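Asks: The structure that follows is given in the form of structure tokens.
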Amino acid sequence: MAEATHANPAPEGPSRRTLLRGAAVAGGALVTGAALGGTPARAEVEYDVVVVGAGAAGMTAALAAAKRGLRTVVVEKAPTFGGSAARSGAGIWIPNNEVILAAGVPDTPAKAAAYLARVVGGDVPVERQQAFLAAGPAMISFVMRNSPLLFRFMEGYSDYYPEFPGGMPNGRSIEPAQLDGRILGAELDRLNAPYIPSPAGMVVFSADYKWLTLALVNAKGAAVAAECLLRGTEAALRGEKPLTMGQALAAGLRAGLLSAGVPVWLNTPLTDLHLEGGRASGVVVSRNGAQTLVRAARGVIVGSGGFEHSAAMRAEFQRQPIGTSWTVGAKENTGAGIEAGERAGAALGLMDDAWWGPAIPLPDQPYFCLAERTLPGCIIVNGDGVRFVNEGAPYSDVVHVMYDRNTPADQHIPSWLIVDQQYRNRYLFKDVAPLLPLPASWYDSGAVHKAWTIEQLAQRIGVPAGALRGTVTRFNEFAATGKDLDFHRGDSAYDRYYTDPSVKPNPCLAPLWLPPFYAFKIVPGDLGTKGGMVTDGRARVLRADGSVIPGLYAAGNASAAVMGHSYAGSGSTLGPAMTFGYVAANHIADSM
């Protein structure tokens, strides 16, 4: 594993890696005209603010800058807007915002500060934590007043560590309300596609999925499914194009930019930052086949996403095994903004980490597991056929354990999610309804195995049969008593979110007994990487000695996450991304 960089790096001399990259940049500048002393770009335009990336961070930043009277442009590598945000469930974690306070959530600034400090620990300066908590509520209010976006409280979706001081068992997360995509006109065709589309004819919110999973065995689940269908029917009768989750978030922000007159240049990848006298004063992009210098009179905000699709960067910074095929982040996220920042002198932090989650490597794309590993009647085992983690724990924690314990002699990657037929008879799995067979391609790819006995299943996945049988027997005893003595599954309110309330005495625990049995391969998936340029509480990019690079700001996964190595609640990616985009734009405006 490459040595990890840290969110608050100590001053140090240039590394071998930095020197090598500097040499590469010096040569590349002569070709690209990347504003480091090379050939000038072939075309030139000027704005007050240039935003790199049309995801949630970039579009929020651009909207805020435009509303402060700054001439703003967004440059985006992809042929679509929305990035990973458009693919997501669009949970947004912002304590004390007006939506949750109106819903009666008993949040306070003191509770939020205590909770975030406990979650993050010493990985992130207090100043950045305070900046996020202070600006987050204002950002949500700003977005609702300057775009068609409205938000709903995700009631019951617990903070990920509700037992910590200030934690909320009923949650703090919000998600977009339903949005009619017709407001975008032809621009709707350029919205990045969702990771998993909603079922045809249904309008589904993120908070609905826990109930849709239970629709066959739970009255509320059946009622929620009917409500989703009714929403879809009503929208169709009105001639609408209903959007929810990440589709609504990205579309709503883009509609705000349209109204504010902010151009979004698609198919315009960043080549490099433009520096003059040590200040970021623009960007060089490839536009319509030409290198174009886009000057930024006031500042550059980089919201270009992480590096989850850069095999070279993942190999350099992250633990093995790793690759680009297990992530669900937008495919254009190859770290170009981070590398450009580093060439400009930015310190990097948290590059070893990601927004991890257990994933099944299905043949078409990886499937990020949420409910499936928490529902009663399943366990996760390692290469020795034994449990090693609370299956219902926050998804990033599960993968951290996988990596921490994985050795050649003690394999935890891949791990295996084991379920029985009773589980399959009761619960939706991805988009496969209960009782229906799993696709043949899943078996053909090796992502799933099936057998009529535990021993046969063990043989097929290469784990000791006796150990797997012993693990299942011990777990079944825990299910009978309702107490997981090994990993305490079900003790936390978070564990009980994606569960079956009809199962007693613990809704997270049910025995595995009905053949056939299934094993799903589990690998370290992610929603994106969480390392990038180190920033301060004003979203300004910092050098390794802590000094500010004038004119350069970063937000979202192009910056080192304010969550450090942890994850406060659903939306801990999008909430800070949008907030620091908003903070960056306002700091630029306030500095005029």
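Ordering of the structure tokens sets the chain letters (A, B, ...); residue numbers start at 1 within each chain; ligands are numbered from 1 in the order shown.
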With DSSP run on the backbone, what are the helix (DSSP H, G or I) residues within range 384-516 of chain A? I'd like them as a PyMOL selection string.

Replies: chain A and resi 395-405+421-426+440-444+454-461+465-481

Asks: Keeping only C-alpha atoms, write the selected residues to a file as an mmCIF file, in the first residue's frame.

Replies:
```cif
data_model
loop_
_atom_site.group_PDB
_atom_site.id
_atom_site.type_symbol
_atom_site.label_atom_id
_atom_site.label_comp_id
_atom_site.auth_asym_id
_atom_site.auth_seq_id
_atom_site.Cartn_x
_atom_site.Cartn_y
_atom_site.Cartn_z
ATOM 1 C CA TYR A 395 -21.152 0.223 4.926
ATOM 2 C CA SER A 396 -17.829 2.055 5.047
ATOM 3 C CA ASP A 397 -16.990 0.327 8.333
ATOM 4 C CA VAL A 398 -17.591 -3.115 6.842
ATOM 5 C CA VAL A 399 -15.081 -2.511 4.057
ATOM 6 C CA HIS A 400 -12.543 -0.975 6.412
ATOM 7 C CA VAL A 401 -12.659 -4.237 8.376
ATOM 8 C CA MET A 402 -12.297 -6.250 5.169
ATOM 9 C CA TYR A 403 -9.108 -4.382 4.284
ATOM 10 C CA ASP A 404 -7.730 -4.256 7.819
ATOM 11 C CA ARG A 405 -7.981 -8.032 8.220
ATOM 12 C CA GLN A 421 -34.277 -19.818 0.455
ATOM 13 C CA GLN A 422 -36.510 -18.379 3.171
ATOM 14 C CA TYR A 423 -34.633 -15.088 2.760
ATOM 15 C CA ARG A 424 -35.112 -15.255 -1.007
ATOM 16 C CA ASN A 425 -38.808 -16.052 -0.570
ATOM 17 C CA ARG A 426 -39.388 -12.906 1.483
ATOM 18 C CA ALA A 440 -28.308 -16.941 -14.974
ATOM 19 C CA SER A 441 -25.609 -14.390 -15.815
ATOM 20 C CA TRP A 442 -25.007 -13.829 -12.095
ATOM 21 C CA TYR A 443 -24.129 -17.500 -11.673
ATOM 22 C CA ASP A 444 -22.130 -17.637 -14.904
ATOM 23 C CA ILE A 454 -24.158 -25.690 3.507
ATOM 24 C CA GLU A 455 -21.317 -28.141 2.916
ATOM 25 C CA GLN A 456 -21.827 -28.118 -0.850
ATOM 26 C CA LEU A 457 -21.998 -24.342 -0.851
ATOM 27 C CA ALA A 458 -18.744 -24.166 1.116
ATOM 28 C CA GLN A 459 -17.049 -26.347 -1.470
ATOM 29 C CA ARG A 460 -18.245 -24.135 -4.321
ATOM 30 C CA ILE A 461 -16.894 -20.931 -2.784
ATOM 31 C CA ALA A 465 -17.191 -26.811 5.107
ATOM 32 C CA GLY A 466 -16.961 -27.539 8.820
ATOM 33 C CA ALA A 467 -16.208 -23.924 9.629
ATOM 34 C CA LEU A 468 -19.113 -22.617 7.570
ATOM 35 C CA ARG A 469 -21.474 -25.153 9.136
ATOM 36 C CA GLY A 470 -20.284 -24.125 12.600
ATOM 37 C CA THR A 471 -20.720 -20.451 11.760
ATOM 38 C CA VAL A 472 -24.282 -20.971 10.565
ATOM 39 C CA THR A 473 -25.141 -23.091 13.632
ATOM 40 C CA ARG A 474 -23.802 -20.460 16.024
ATOM 41 C CA PHE A 475 -25.584 -17.640 14.178
ATOM 42 C CA ASN A 476 -28.866 -19.561 14.260
ATOM 43 C CA GLU A 477 -28.532 -19.787 18.037
ATOM 44 C CA PHE A 478 -28.126 -16.003 18.181
ATOM 45 C CA ALA A 479 -31.217 -15.601 16.001
ATOM 46 C CA ALA A 480 -33.245 -17.708 18.446
ATOM 47 C CA THR A 481 -32.214 -15.599 21.437
#
```

Asks: Give me, as a list in words, the residues of range 384-525 of chain A that a backbone DSSP run labels strand (DSSP E).

Replies: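 Matching residues, listed in order: Ser415, Trp416, Leu417, Ile418, Val419, Asp420, Val448, His449, Lys450, Ala451, Phe517, Tyr518, Ala519, Phe520, Lys521, Ile522, Val523, Pro524 and Gly525 of chain A.
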
Asks: Those residues with N, CA and C atoms, as an mmCIF file, in the first residue's frame please?

Replies:
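Output (again_29.cif):
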```
data_model
loop_
_atom_site.group_PDB
_atom_site.id
_atom_site.type_symbol
_atom_site.label_atom_id
_atom_site.label_comp_id
_atom_site.auth_asym_id
_atom_site.auth_seq_id
_atom_site.Cartn_x
_atom_site.Cartn_y
_atom_site.Cartn_z
ATOM 1 N N SER A 415 -15.202 -11.602 0.357
ATOM 2 C CA SER A 415 -15.995 -12.262 1.385
ATOM 3 C C SER A 415 -17.260 -12.789 0.716
ATOM 4 N N TRP A 416 -18.122 -13.410 1.523
ATOM 5 C CA TRP A 416 -19.321 -14.028 0.957
ATOM 6 C C TRP A 416 -20.545 -13.723 1.803
ATOM 7 N N LEU A 417 -21.589 -13.245 1.151
ATOM 8 C CA LEU A 417 -22.892 -13.060 1.785
ATOM 9 C C LEU A 417 -23.684 -14.346 1.602
ATOM 10 N N ILE A 418 -24.021 -14.990 2.717
ATOM 11 C CA ILE A 418 -24.712 -16.278 2.693
ATOM 12 C C ILE A 418 -26.169 -16.082 3.094
ATOM 13 N N VAL A 419 -27.098 -16.593 2.284
ATOM 14 C CA VAL A 419 -28.529 -16.522 2.594
ATOM 15 C C VAL A 419 -29.162 -17.871 2.289
ATOM 16 N N ASP A 420 -30.398 -18.051 2.793
ATOM 17 C CA ASP A 420 -31.123 -19.287 2.489
ATOM 18 C C ASP A 420 -32.352 -18.966 1.644
ATOM 19 N N VAL A 448 -22.431 -15.298 -7.907
ATOM 20 C CA VAL A 448 -23.379 -16.010 -7.054
ATOM 21 C C VAL A 448 -23.179 -17.507 -7.227
ATOM 22 N N HIS A 449 -23.325 -18.234 -6.123
ATOM 23 C CA HIS A 449 -23.305 -19.700 -6.139
ATOM 24 C C HIS A 449 -24.512 -20.212 -5.363
ATOM 25 N N LYS A 450 -24.962 -21.412 -5.706
ATOM 26 C CA LYS A 450 -26.152 -21.992 -5.097
ATOM 27 C C LYS A 450 -25.903 -23.478 -4.846
ATOM 28 N N ALA A 451 -26.375 -23.954 -3.701
ATOM 29 C CA ALA A 451 -26.208 -25.385 -3.381
ATOM 30 C C ALA A 451 -27.309 -25.800 -2.413
ATOM 31 N N PHE A 517 -29.229 -22.921 -0.506
ATOM 32 C CA PHE A 517 -28.487 -21.815 0.085
ATOM 33 C C PHE A 517 -27.719 -21.076 -1.021
ATOM 34 N N TYR A 518 -27.486 -19.802 -0.804
ATOM 35 C CA TYR A 518 -26.853 -18.954 -1.812
ATOM 36 C C TYR A 518 -25.646 -18.251 -1.191
ATOM 37 N N ALA A 519 -24.639 -18.034 -2.025
ATOM 38 C CA ALA A 519 -23.465 -17.247 -1.624
ATOM 39 C C ALA A 519 -23.214 -16.175 -2.676
ATOM 40 N N PHE A 520 -23.198 -14.919 -2.238
ATOM 41 C CA PHE A 520 -22.929 -13.778 -3.111
ATOM 42 C C PHE A 520 -21.529 -13.249 -2.806
ATOM 43 N N LYS A 521 -20.721 -13.119 -3.838
ATOM 44 C CA LYS A 521 -19.361 -12.601 -3.654
ATOM 45 C C LYS A 521 -19.418 -11.136 -3.225
ATOM 46 N N ILE A 522 -18.651 -10.790 -2.206
ATOM 47 C CA ILE A 522 -18.606 -9.426 -1.683
ATOM 48 C C ILE A 522 -17.193 -8.867 -1.838
ATOM 49 N N VAL A 523 -17.106 -7.713 -2.500
ATOM 50 C CA VAL A 523 -15.822 -7.042 -2.716
ATOM 51 C C VAL A 523 -15.924 -5.607 -2.191
ATOM 52 N N PRO A 524 -14.786 -4.903 -2.052
ATOM 53 C CA PRO A 524 -14.817 -3.519 -1.561
ATOM 54 C C PRO A 524 -15.286 -2.545 -2.640
ATOM 55 N N GLY A 525 -16.587 -2.320 -2.705
ATOM 56 C CA GLY A 525 -17.120 -1.333 -3.623
ATOM 57 C C GLY A 525 -17.036 0.061 -3.022
#
```

Asks: Report, in Å to a single decimal, how far apart CA of Arg314 in chain A and CA of Arg87 in chain A are.

Replies: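 About the pair CA of Arg87 in chain A and CA of Arg314 in chain A: they are 21.4 Å apart.
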
Asks: Compile a residue-level contact table for range 250-350 of chain A against range 43-47 of chain A at a cut-off of 6 Å, reporting for every qualifying residue the shortest atom pair and its distance in Å to one decimal, with only C-alpha atoms counted, rows ordered by chain and ascending number, as a tab-separated table.

Replies:
```
residue	atom	partner	partner_atom	distance
A:Thr292	CA	A:Ala43	CA	4.7
A:Leu293	CA	A:Glu44	CA	4.7
A:Val294	CA	A:Val45	CA	5.0
A:Arg295	CA	A:Glu46	CA	4.4
A:Ala296	CA	A:Tyr47	CA	5.2
```

Asks: Which one is closest to Ala62 in chain A: A:Val328, A:Ala186, A:Leu428, A:Ala260? Count only C-alpha atoms.

Replies: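 Nearest candidate to Ala62 in chain A out of A:Val328, A:Ala186, A:Leu428, A:Ala260: A:Ala260.
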
Asks: For each of A:Pro376, A:Pro366, A:Gly546, A:Gly528, take the minimum atom-to-atom distance to Gly490 in chain A, counting only C-alpha atoms, then give the residue where this is smallest.

Replies: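 Looking only at the distances to Gly490 in chain A, the closest residue turns out to be A:Pro376.
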
Asks: Env of Glu127 in chain A: 9 Å cut, atoms = only C-alpha atoms, seq-sep filter 4 positions within chain, self excluded. Answer as a PyMOL selection string.

Replies: chain A and resi 131-132+536-537

Asks: Can I get the selected residues back with N, CA and C atoms, as an mmCIF file, in the first residue's frame?

Replies:
```
data_model
loop_
_atom_site.group_PDB
_atom_site.id
_atom_site.type_symbol
_atom_site.label_atom_id
_atom_site.label_comp_id
_atom_site.auth_asym_id
_atom_site.auth_seq_id
_atom_site.Cartn_x
_atom_site.Cartn_y
_atom_site.Cartn_z
ATOM 1 N N ALA A 131 -17.078 25.035 10.008
ATOM 2 C CA ALA A 131 -17.483 25.723 8.783
ATOM 3 C C ALA A 131 -18.600 24.969 8.084
ATOM 4 N N PHE A 132 -18.478 23.645 8.037
ATOM 5 C CA PHE A 132 -19.525 22.824 7.417
ATOM 6 C C PHE A 132 -20.845 22.953 8.165
ATOM 7 N N ASP A 536 -9.228 24.538 3.574
ATOM 8 C CA ASP A 536 -9.540 25.089 4.886
ATOM 9 C C ASP A 536 -11.044 25.307 5.017
ATOM 10 N N GLY A 537 -11.454 26.000 6.054
ATOM 11 C CA GLY A 537 -12.876 26.208 6.292
ATOM 12 C C GLY A 537 -13.549 27.107 5.282
#
```

Asks: Determine, using only C-alpha atoms, which residues of range 121-199 of chain A have any atom at most 8 Å from an atom of range 571-578 of chain A, and tabulate each with its shortest atom pair and distance in Å to one decimal place, rows ordered by chain and then rising number, as a Markdown table.

Replies:
```
| residue | atom | partner | partner_atom | distance |
| --- | --- | --- | --- | --- |
| A:Phe132 | CA | A:Pro576 | CA | 6.5 |
| A:Gly136 | CA | A:Gly575 | CA | 7.3 |
| A:Met139 | CA | A:Met578 | CA | 7.5 |
| A:Ser173 | CA | A:Gly571 | CA | 6.6 |
| A:Ile174 | CA | A:Gly571 | CA | 8.0 |
```

Asks: Can you write out the residues you just picked, keeping all heavy atoms, as a short mmCIF file (atom, residue, chain, number, x, y, z; two decimals), in the first residue's frame?

Replies:
```cif
data_model
loop_
_atom_site.label_atom_id
_atom_site.label_comp_id
_atom_site.auth_asym_id
_atom_site.auth_seq_id
_atom_site.Cartn_x
_atom_site.Cartn_y
_atom_site.Cartn_z
N PHE A 132 -18.48 23.65 8.04
CA PHE A 132 -19.53 22.82 7.42
C PHE A 132 -20.84 22.95 8.17
O PHE A 132 -21.90 23.18 7.57
CB PHE A 132 -19.07 21.37 7.37
CG PHE A 132 -20.17 20.38 7.13
CD1 PHE A 132 -20.92 20.42 5.97
CD2 PHE A 132 -20.47 19.41 8.08
CE1 PHE A 132 -21.96 19.52 5.74
CE2 PHE A 132 -21.50 18.51 7.87
CZ PHE A 132 -22.24 18.56 6.70
N GLY A 136 -23.92 24.77 6.24
CA GLY A 136 -24.82 23.77 5.65
C GLY A 136 -26.28 24.19 5.63
O GLY A 136 -26.94 24.14 4.57
N MET A 139 -26.91 26.83 3.11
CA MET A 139 -26.83 26.32 1.74
C MET A 139 -28.16 25.69 1.32
O MET A 139 -28.66 25.94 0.21
CB MET A 139 -25.70 25.29 1.64
CG MET A 139 -25.52 24.67 0.25
SD MET A 139 -26.62 23.25 -0.10
CE MET A 139 -25.97 22.04 1.05
N SER A 173 -31.06 13.19 7.83
CA SER A 173 -30.87 13.25 6.38
C SER A 173 -32.14 13.72 5.66
O SER A 173 -33.26 13.46 6.10
CB SER A 173 -30.46 11.88 5.84
OG SER A 173 -29.26 11.45 6.46
N ILE A 174 -31.93 14.41 4.55
CA ILE A 174 -33.02 14.84 3.68
C ILE A 174 -32.74 14.35 2.27
O ILE A 174 -31.62 13.94 1.94
CB ILE A 174 -33.19 16.37 3.69
CG1 ILE A 174 -31.91 17.07 3.22
CG2 ILE A 174 -33.59 16.86 5.08
CD1 ILE A 174 -32.04 18.58 3.10
#
```

Asks: Using only C-alpha atoms, determine which residues lie at most 8 Å from range 344-357 of chain A, disregarding the query and same-chain residues fewer than 2 positions distant; provide the list as a PyMOL selection string.

Replies: chain A and resi 2+4-9+273+275+317-319+340-342+359+368-369+395-400+524-534+541-544+549+559-561+564-565+573

Asks: Report as a list in words all protein, DNA and RNA residues lying within 8 Å of Cys508 in chain A, evaluated on only C-alpha atoms, omitting residues in the same chain fewer than 4 positions from it.

Replies: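 Residues near the query, excluding close chain neighbours: Thr374, Leu375, Pro376, Gly377, Gly392, Arg489, Gly490, Asp495, Arg496, Thr499, Asp500 and Val503 of chain A.
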
Asks: One decimal, in Å: what's the spacing between CA of Ala330 in chain A and CA of Val283 in chain A?

Replies: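 Distance between the two atoms: 22.0 Å.
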
Asks: Under the rule that only C-alpha atoms are counted, which of A:Tyr115, A:Tyr553, A:Phe388, A:Tyr161 is the nearest residue to Gln130 in chain A?

Replies: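 The shortest atom-to-atom distance to Gln130 in chain A comes from A:Tyr115.
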
Asks: Name the residues in contact with range 235-243 of chain A at a cut-off of 8 Å, using only C-alpha atoms, excluding same-chain residues fewer than 3 positions from it; report them as a VMD selection string.

Replies: chain A and resid 178 to 182 203 231 to 232 247 to 248

Asks: Export, as a compact mmCIF listing (two decimals), in the first residue's frame, the selected residues with all heavy atoms.

Replies:
```txt
# COMPACT_ATOMS: atom_id res chain seq x y z
N GLN A 178 -40.12 15.30 -5.28
CA GLN A 178 -40.37 14.99 -6.69
C GLN A 178 -40.28 16.24 -7.54
O GLN A 178 -40.76 17.31 -7.16
CB GLN A 178 -41.76 14.36 -6.81
CG GLN A 178 -42.12 13.91 -8.21
CD GLN A 178 -43.46 13.19 -8.22
OE1 GLN A 178 -43.84 12.56 -7.23
NE2 GLN A 178 -44.20 13.29 -9.32
N LEU A 179 -39.66 16.10 -8.70
CA LEU A 179 -39.43 17.22 -9.61
C LEU A 179 -39.89 16.83 -11.01
O LEU A 179 -39.66 15.68 -11.44
CB LEU A 179 -37.94 17.58 -9.63
CG LEU A 179 -37.51 18.85 -10.34
CD1 LEU A 179 -37.96 20.08 -9.55
CD2 LEU A 179 -36.00 18.87 -10.51
N ASP A 180 -40.52 17.73 -11.70
CA ASP A 180 -40.95 17.48 -13.07
C ASP A 180 -39.82 17.82 -14.02
O ASP A 180 -39.42 18.99 -14.15
CB ASP A 180 -42.19 18.32 -13.39
CG ASP A 180 -42.76 18.03 -14.78
OD1 ASP A 180 -42.19 17.20 -15.51
OD2 ASP A 180 -43.78 18.67 -15.13
N GLY A 181 -39.28 16.82 -14.68
CA GLY A 181 -38.14 17.02 -15.57
C GLY A 181 -38.42 17.92 -16.76
O GLY A 181 -37.48 18.37 -17.42
N ARG A 182 -39.68 18.21 -17.04
CA ARG A 182 -40.00 19.07 -18.18
C ARG A 182 -39.46 20.49 -18.00
O ARG A 182 -39.32 21.22 -18.99
CB ARG A 182 -41.51 19.13 -18.39
CG ARG A 182 -42.12 17.81 -18.85
CD ARG A 182 -43.63 17.95 -19.03
NE ARG A 182 -44.29 18.35 -17.77
CZ ARG A 182 -45.59 18.63 -17.68
NH1 ARG A 182 -46.35 18.58 -18.75
NH2 ARG A 182 -46.11 18.99 -16.51
N VAL A 203 -42.94 6.17 -8.95
CA VAL A 203 -42.13 7.29 -8.47
C VAL A 203 -41.65 6.91 -7.08
O VAL A 203 -42.44 6.79 -6.14
CB VAL A 203 -42.93 8.60 -8.44
CG1 VAL A 203 -42.12 9.70 -7.77
CG2 VAL A 203 -43.33 9.01 -9.86
N ARG A 231 -48.20 7.52 -7.33
CA ARG A 231 -47.46 8.72 -7.72
C ARG A 231 -47.11 8.68 -9.20
O ARG A 231 -47.22 9.67 -9.92
CB ARG A 231 -46.16 8.85 -6.92
CG ARG A 231 -46.31 9.21 -5.47
CD ARG A 231 -44.93 9.54 -4.89
NE ARG A 231 -44.86 9.23 -3.48
CZ ARG A 231 -44.06 8.33 -2.93
NH1 ARG A 231 -43.22 7.63 -3.68
NH2 ARG A 231 -44.07 8.12 -1.63
N GLY A 232 -46.65 7.52 -9.65
CA GLY A 232 -46.29 7.37 -11.06
C GLY A 232 -47.49 7.55 -11.98
O GLY A 232 -47.39 8.19 -13.03
N GLN A 247 -31.52 12.07 -9.65
CA GLN A 247 -32.02 12.67 -10.87
C GLN A 247 -32.68 14.02 -10.59
O GLN A 247 -32.48 15.00 -11.31
CB GLN A 247 -33.01 11.72 -11.55
CG GLN A 247 -32.40 10.42 -12.02
CD GLN A 247 -31.54 10.61 -13.26
OE1 GLN A 247 -32.06 10.73 -14.37
NE2 GLN A 247 -30.23 10.66 -13.07
N ALA A 248 -33.46 14.08 -9.51
CA ALA A 248 -34.11 15.34 -9.14
C ALA A 248 -33.09 16.37 -8.68
O ALA A 248 -33.18 17.55 -9.03
CB ALA A 248 -35.13 15.08 -8.03
```

Asks: Between CA of Gly121 in chain A and CA of Phe487 in chain A, what is the spacing in Å?

Replies: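 Going from CA of Phe487 in chain A over to CA of Gly121 in chain A, I get 22.8 Å.
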
Asks: Name the residues in contact with Tyr494 in chain A at a cut-off of 10 Å, using only C-alpha atoms, excluding same-chain residues fewer than 2 positions from it; report them as a PDB file with C-alpha atoms, in the first residue's frame.

Replies:
```
ATOM      1  CA  GLY A 156     -36.199   7.064  10.558  1.00  0.00           C
ATOM      2  CA  TYR A 157     -32.957   6.852   8.582  1.00  0.00           C
ATOM      3  CA  SER A 158     -30.723   6.947  11.619  1.00  0.00           C
ATOM      4  CA  ASP A 159     -27.410   8.721  11.857  1.00  0.00           C
ATOM      5  CA  TYR A 160     -24.799   6.028  11.370  1.00  0.00           C
ATOM      6  CA  TYR A 161     -23.633   6.181  15.009  1.00  0.00           C
ATOM      7  CA  PRO A 162     -26.788   7.222  16.885  1.00  0.00           C
ATOM      8  CA  GLU A 163     -25.315   6.068  20.196  1.00  0.00           C
ATOM      9  CA  MET A 168     -29.993  11.098  16.124  1.00  0.00           C
ATOM     10  CA  PRO A 169     -31.682   7.660  16.044  1.00  0.00           C
ATOM     11  CA  ASN A 170     -34.442   9.136  13.868  1.00  0.00           C
ATOM     12  CA  GLY A 171     -31.894  10.730  11.553  1.00  0.00           C
ATOM     13  CA  GLY A 392     -25.611  -4.329   9.551  1.00  0.00           C
ATOM     14  CA  ALA A 393     -22.853  -1.843  10.438  1.00  0.00           C
ATOM     15  CA  PRO A 394     -22.322   1.320   8.354  1.00  0.00           C
ATOM     16  CA  ARG A 489     -25.900  -6.896  15.167  1.00  0.00           C
ATOM     17  CA  GLY A 490     -29.158  -5.172  15.955  1.00  0.00           C
ATOM     18  CA  ASP A 491     -27.949  -3.325  19.046  1.00  0.00           C
ATOM     19  CA  SER A 492     -27.720   0.028  17.223  1.00  0.00           C
ATOM     20  CA  ARG A 496     -32.384  -1.814  12.478  1.00  0.00           C
ATOM     21  CA  TYR A 497     -33.155   0.515   9.584  1.00  0.00           C
ATOM     22  CA  TYR A 498     -33.035  -2.042   6.741  1.00  0.00           C
ATOM     23  CA  THR A 499     -34.674  -4.888   8.642  1.00  0.00           C
ATOM     24  CA  GLY A 569     -25.036   9.610   8.073  1.00  0.00           C
TER      25      GLY A 569
END
```
